[in-house]
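Novice: I am sharing target.cif, which consists of mmCIF, C-alpha atoms:
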data_work
#
loop_
_atom_site.label_atom_id
_atom_site.label_comp_id
_atom_site.auth_asym_id
_atom_site.auth_seq_id
_atom_site.Cartn_x
_atom_site.Cartn_y
_atom_site.Cartn_z
CA MET A 6 124.44 104.43 71.20
CA TYR A 7 126.14 102.01 73.60
CA ASP A 8 128.21 104.78 75.22
CA TYR A 9 125.11 106.93 75.78
CA ILE A 10 123.27 104.05 77.47
CA LYS A 11 126.37 103.27 79.53
CA SER A 12 126.63 106.93 80.60
CA LEU A 13 122.97 107.01 81.65
CA HIS A 14 123.43 103.72 83.51
CA LEU A 15 126.38 105.17 85.42
CA ILE A 16 124.53 108.41 86.24
CA PHE A 17 121.60 106.48 87.71
CA VAL A 18 123.90 104.12 89.62
CA ILE A 19 125.51 107.18 91.21
CA THR A 20 122.17 108.76 92.14
CA TRP A 21 120.91 105.39 93.40
CA PHE A 22 123.88 105.04 95.74
CA ALA A 23 123.57 108.67 96.82
CA GLY A 24 119.95 107.98 97.75
CA LEU A 25 120.85 104.81 99.63
CA PHE A 26 123.65 106.52 101.56
CA TYR A 27 121.47 109.47 102.52
CA ILE A 28 118.29 107.54 103.35
CA VAL A 29 120.07 105.48 105.98
CA ARG A 30 121.62 108.64 107.43
CA LEU A 31 118.10 110.07 107.67
CA PHE A 32 117.01 106.84 109.40
CA VAL A 33 119.73 107.50 112.02
CA TYR A 34 118.43 111.02 112.60
CA GLN A 35 114.82 109.86 112.70
CA ILE A 36 115.58 107.14 115.25
CA GLU A 37 117.51 109.60 117.41
CA ALA A 38 114.68 112.15 117.15
CA LYS A 39 112.26 109.80 118.87
CA ASP A 40 114.23 110.27 122.10
CA LYS A 41 114.08 114.07 122.01
CA PRO A 42 111.74 115.95 124.36
CA SER A 43 108.41 117.24 123.15
CA PRO A 44 107.73 119.37 121.02
CA GLU A 45 111.16 118.93 119.38
CA ARG A 46 110.47 115.20 118.86
CA GLU A 47 107.20 115.76 116.98
CA ILE A 48 108.66 118.52 114.82
CA LEU A 49 111.74 116.49 113.88
CA LEU A 50 109.86 113.25 113.25
CA LYS A 51 107.39 115.03 110.97
CA GLN A 52 110.22 116.72 109.04
CA TYR A 53 112.24 113.50 108.70
CA LYS A 54 109.20 111.65 107.38
CA ILE A 55 108.76 114.29 104.69
CA MET A 56 112.47 114.25 103.81
CA THR A 57 112.69 110.44 103.63
CA TYR A 58 109.51 110.24 101.55
CA ARG A 59 110.83 112.70 98.98
CA LEU A 60 114.29 111.15 98.85
CA TRP A 61 112.95 107.61 98.61
CA TYR A 62 110.26 108.10 95.99
CA ILE A 63 111.65 111.02 93.98
CA ILE A 64 115.34 110.05 93.83
CA THR A 65 116.21 106.60 95.16
CA TRP A 66 113.50 104.36 93.71
CA PRO A 67 113.49 106.02 90.27
CA SER A 68 117.30 105.86 90.18
CA ALA A 69 117.25 102.16 91.05
CA VAL A 70 114.71 101.40 88.34
CA MET A 71 116.57 103.44 85.73
CA ALA A 72 120.00 102.00 86.66
CA VAL A 73 118.68 98.45 86.33
CA SER A 74 116.79 99.28 83.13
CA PHE A 75 119.86 100.75 81.46
CA ALA A 76 121.95 97.80 82.69
CA VAL A 77 119.56 95.36 81.04
CA TRP A 78 119.66 97.44 77.87
CA LEU A 79 123.48 97.31 77.94
CA LEU A 80 123.41 93.54 78.31
CA ILE A 81 121.01 93.29 75.37
CA LEU A 82 123.38 95.41 73.28
CA ALA A 83 126.46 93.45 74.43
CA PRO A 84 125.38 89.96 75.51
CA SER A 85 128.98 88.75 75.42
CA TRP A 86 129.47 90.41 78.83
CA LEU A 87 127.36 87.61 80.30
CA GLN A 88 130.08 85.12 79.36
CA GLN A 89 132.64 86.90 81.53
CA SER A 90 133.20 85.51 85.04
CA TRP A 91 133.66 88.97 86.56
CA MET A 92 130.20 89.93 85.27
CA HIS A 93 128.66 86.95 87.10
CA VAL A 94 130.25 88.15 90.33
CA LYS A 95 129.15 91.73 89.63
CA LEU A 96 125.58 90.61 89.03
CA GLY A 97 125.74 88.75 92.35
CA PHE A 98 126.63 92.04 94.03
CA VAL A 99 123.80 93.75 92.13
CA VAL A 100 121.39 91.17 93.58
CA LEU A 101 122.80 91.98 97.04
CA LEU A 102 122.31 95.69 96.32
CA ILE A 103 118.70 95.12 95.32
CA ALA A 104 118.16 93.08 98.52
CA TYR A 105 119.76 95.91 100.52
CA HIS A 106 117.46 98.41 98.77
CA ILE A 107 114.38 96.32 99.56
CA LYS A 108 115.42 95.99 103.22
CA CYS A 109 115.87 99.78 103.33
CA HIS A 110 112.35 100.09 101.91
CA LEU A 111 110.98 97.89 104.71
CA ILE A 112 112.82 99.98 107.31
CA TYR A 113 111.51 103.15 105.62
CA LYS A 114 107.92 101.89 105.88
CA GLU A 115 108.36 100.98 109.56
CA LEU A 116 109.76 104.41 110.41
CA GLN A 117 106.96 106.13 108.49
CA ASN A 118 104.58 104.25 110.81
CA ASP A 119 106.59 105.15 113.94
CA VAL A 120 107.91 101.62 114.40
CA PHE A 121 111.49 101.81 115.70
CA ARG A 122 113.00 98.32 115.63
CA TYR A 123 116.62 99.34 115.14
CA SER A 124 119.03 101.54 117.04
CA SER A 125 120.81 104.47 115.48
CA ASN A 126 124.09 102.59 115.98
CA PHE A 127 122.73 99.65 113.98
CA MET A 128 121.73 102.04 111.20
CA ARG A 129 125.21 103.58 111.14
CA LEU A 130 126.65 100.11 110.66
CA TRP A 131 123.92 99.19 108.16
CA ASN A 132 124.93 102.20 106.07
CA GLU A 133 128.29 100.53 105.41
CA GLY A 134 126.60 97.69 103.50
CA ALA A 135 126.10 99.89 100.46
CA THR A 136 129.68 101.12 100.75
CA ILE A 137 131.06 97.58 100.62
CA ILE A 138 128.89 96.72 97.63
CA LEU A 139 129.98 99.92 95.86
CA PHE A 140 133.67 99.16 96.37
CA ALA A 141 133.26 95.59 95.18
CA VAL A 142 131.36 96.54 92.03
CA VAL A 143 133.68 99.39 91.06
CA PHE A 144 136.78 97.21 91.41
CA LEU A 145 135.12 94.39 89.47
CA VAL A 146 134.09 96.68 86.62
CA ILE A 147 137.42 98.47 86.38
CA LEU A 148 139.77 95.50 86.83
CA LYS A 149 137.65 92.83 85.11
CA ASN A 150 139.77 89.76 84.35
CA ALA A 151 142.91 91.26 85.89
CA PHE A 152 141.19 91.06 89.24
CA ASN A 153 142.53 88.28 91.45
CA TRP A 154 139.47 86.85 93.19
CA ILE A 155 141.33 85.60 96.26
CA TYR A 156 142.95 88.98 96.93
CA GLY A 157 139.68 90.68 96.11
CA VAL A 158 137.73 88.67 98.68
CA ILE A 159 140.46 89.23 101.28
CA GLY A 160 140.45 92.94 100.42
CA ILE A 161 136.68 93.26 100.85
CA ILE A 162 136.85 91.42 104.19
CA LEU A 163 139.70 93.66 105.39
CA PHE A 164 137.83 96.74 104.20
CA SER A 165 134.74 95.58 106.13
CA VAL A 166 136.84 95.05 109.27
CA LEU A 167 138.32 98.55 108.91
CA ILE A 168 134.84 100.02 108.56
CA MET A 169 133.67 98.19 111.70
CA LEU A 170 136.74 99.34 113.65
CA GLY A 171 136.18 102.90 112.46
CA PHE A 172 132.55 102.64 113.49
CA ARG A 173 133.49 101.47 117.01
CA PHE A 174 136.10 104.21 117.32
CA TYR A 175 133.59 106.86 116.21
CA LYS A 176 130.98 105.46 118.62
CA ARG A 177 133.41 105.75 121.54
CA ILE A 178 134.23 109.35 120.61
CA ARG A 179 130.53 110.23 120.40
CA GLU A 180 129.79 108.59 123.76
CA LYS A 181 132.78 110.37 125.34
CA ASN A 182 131.59 113.73 123.99
CA LYS A 183 128.09 113.15 125.41
CA SER A 184 129.54 112.72 128.93
#
Can I see the file as structure tokens?
Specialist:
Amino acid sequence: MYDYIKSLHLIFVITWFAGLFYIVRLFVYQIEAKDKPSPEREILLKQYKIMTYRLWYIITWPSAVMAVSFAVWLLILAPSWLQQSWMHVKLGFVVLLIAYHIKCHLIYKELQNDVFRYSSNFMRLWNEGATIILFAVVFLVILKNAFNWIYGVIGIILFSVLIMLGFRFYKRIREKNKS
């Protein structure tokens, strides 16, 4: 039974991340649509609201709830995992992921009400938060005790710097192509 629960947990983690990656991409498009001329702006904003609603409430939220539910079930079936130091770090990243999800929910609600507090460039950068968490969790789960925490922290920092440099490079290319 443990392997079935673990498989379901992994499936819902994957769909949760897919939802988080795509919702922020839709935020980018929605924010950029507000600057389009009428009637294109109204058409796009209406369509993006529908798309984000469906993604958020039909895929992302249910996936988050199911992933966490199956994770709790796994920990009930194998409580010894809670004695492992890597699991403590992983659960810390899960808390960060839940905080990220909740912040995305707040942004979602603002955009549904036509409140645009963030730029599309900020959202592109924000999208990398889930990527960093995903990398950290996968390496923690796969490497467990073999994982050297110092190198791991340095690796995550370097990965974050590479993402930021890539983001800046991409931004320059986009701005150059607009000219």
Novice: Counting only C-alpha atoms, which residues in region 18-52 of chain A sit no more than 12 Å from region 118-122 of chain A? For each one, give the nearest pair of atoms and the distance in Å, sorted by chain then residue number, as CSV.
Specialist:
residue,atom,partner,partner_atom,distance
A:Phe32,CA,A:Phe121,CA,9.8
A:Val33,CA,A:Phe121,CA,10.7
A:Tyr34,CA,A:Phe121,CA,11.9
A:Gln35,CA,A:Phe121,CA,9.2
A:Ile36,CA,A:Phe121,CA,6.7
A:Glu37,CA,A:Phe121,CA,10.0
A:Ala38,CA,A:Phe121,CA,10.9
A:Lys39,CA,A:Phe121,CA,8.6
A:Asp40,CA,A:Phe121,CA,11.0
A:Arg46,CA,A:Asp119,CA,11.8
A:Glu47,CA,A:Asp119,CA,11.1
A:Leu50,CA,A:Asp119,CA,8.8
A:Lys51,CA,A:Asp119,CA,10.3
Novice: Report, as lines of an AutoDock Vina configuration file, the axis-aligned box around all atoms of region 91-103 of chain A present in the file, extended by 5 Å on each side; give centre and edge lengths in Å to one decimal place.
Specialist:
center_x = 126.2
center_y = 91.3
center_z = 91.2
size_x = 25.0
size_y = 18.7
size_z = 21.8
Novice: With all atoms listed in the file as the basis for distance, which of A:Lys183, A:Arg59, A:His14, A:Arg173 is at the shortest distance from Tyr113 (chain A)?
Specialist: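 Looking only at the distances to Tyr113 (chain A), the closest residue turns out to be A:Arg59.
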Novice: Give me the residues near region 101-106 of chain A as number ranges by chain, where near means some atom within 10 Å (using only C-alpha atoms) and where sequence neighbours in that chain fewer than 3 positions away do not count.
Specialist: A: 21-22, 24-25, 65-66, 69, 73, 95-98, 109-112, 131-132, 134-135, 137-139
Novice: Counting only C-alpha atoms, which residue out of A:Ile107, A:Leu82, A:Met71, A:Leu145 sits closest to Val94 (chain A)?
Specialist: A:Leu145
Novice: Could you tell me how far CA of Met128 (chain A) lies from CA of Asn182 (chain A), in Å and to one decimal?
Specialist: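 Atom-to-atom, CA of Met128 (chain A) and CA of Asn182 (chain A) are spaced 19.9 Å apart.
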Novice: CA of Leu13 (chain A) and CA of Ser165 (chain A) are how many Å apart?
Specialist: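 We find that CA of Leu13 (chain A) and CA of Ser165 (chain A) lie 29.5 Å from each other.
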Novice: Just the number, please: distance in Å from CA of Val99 (chain A) to CA of Tyr58 (chain A), one decimal.
Specialist: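 Those two atoms sit 23.8 Å apart.
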Novice: Residues near region 83-86 of chain A, anyone? I mean within 12 Å using only C-alpha atoms, not counting same-chain ones fewer than 4 positions away, as a PDB file with C-alpha atoms, in the frame of the given file.
Specialist:
ATOM      1  CA  MET A   6     124.440 104.430  71.200  1.00  0.00           C
ATOM      2  CA  TYR A   7     126.140 102.010  73.600  1.00  0.00           C
ATOM      3  CA  ASP A   8     128.210 104.780  75.220  1.00  0.00           C
ATOM      4  CA  ILE A  10     123.270 104.050  77.470  1.00  0.00           C
ATOM      5  CA  LYS A  11     126.370 103.270  79.530  1.00  0.00           C
ATOM      6  CA  ALA A  76     121.950  97.800  82.690  1.00  0.00           C
ATOM      7  CA  VAL A  77     119.560  95.360  81.040  1.00  0.00           C
ATOM      8  CA  TRP A  78     119.660  97.440  77.870  1.00  0.00           C
ATOM      9  CA  LEU A  79     123.480  97.310  77.940  1.00  0.00           C
ATOM     10  CA  SER A  90     133.200  85.510  85.040  1.00  0.00           C
ATOM     11  CA  TRP A  91     133.660  88.970  86.560  1.00  0.00           C
ATOM     12  CA  MET A  92     130.200  89.930  85.270  1.00  0.00           C
ATOM     13  CA  HIS A  93     128.660  86.950  87.100  1.00  0.00           C
ATOM     14  CA  VAL A  94     130.250  88.150  90.330  1.00  0.00           C
ATOM     15  CA  LYS A  95     129.150  91.730  89.630  1.00  0.00           C
ATOM     16  CA  LEU A  96     125.580  90.610  89.030  1.00  0.00           C
ATOM     17  CA  VAL A 146     134.090  96.680  86.620  1.00  0.00           C
ATOM     18  CA  LYS A 149     137.650  92.830  85.110  1.00  0.00           C
ATOM     19  CA  ASN A 150     139.770  89.760  84.350  1.00  0.00           C
TER      20      ASN A 150
END
Novice: I'd like the contact shell of region 166-172 of chain A - 12 Å cut-off, only C-alpha atoms, skipping same-chain residues fewer than 4 positions apart - returned as a ChimeraX atom specification.
Specialist: /A:126-137,159-162,176-179
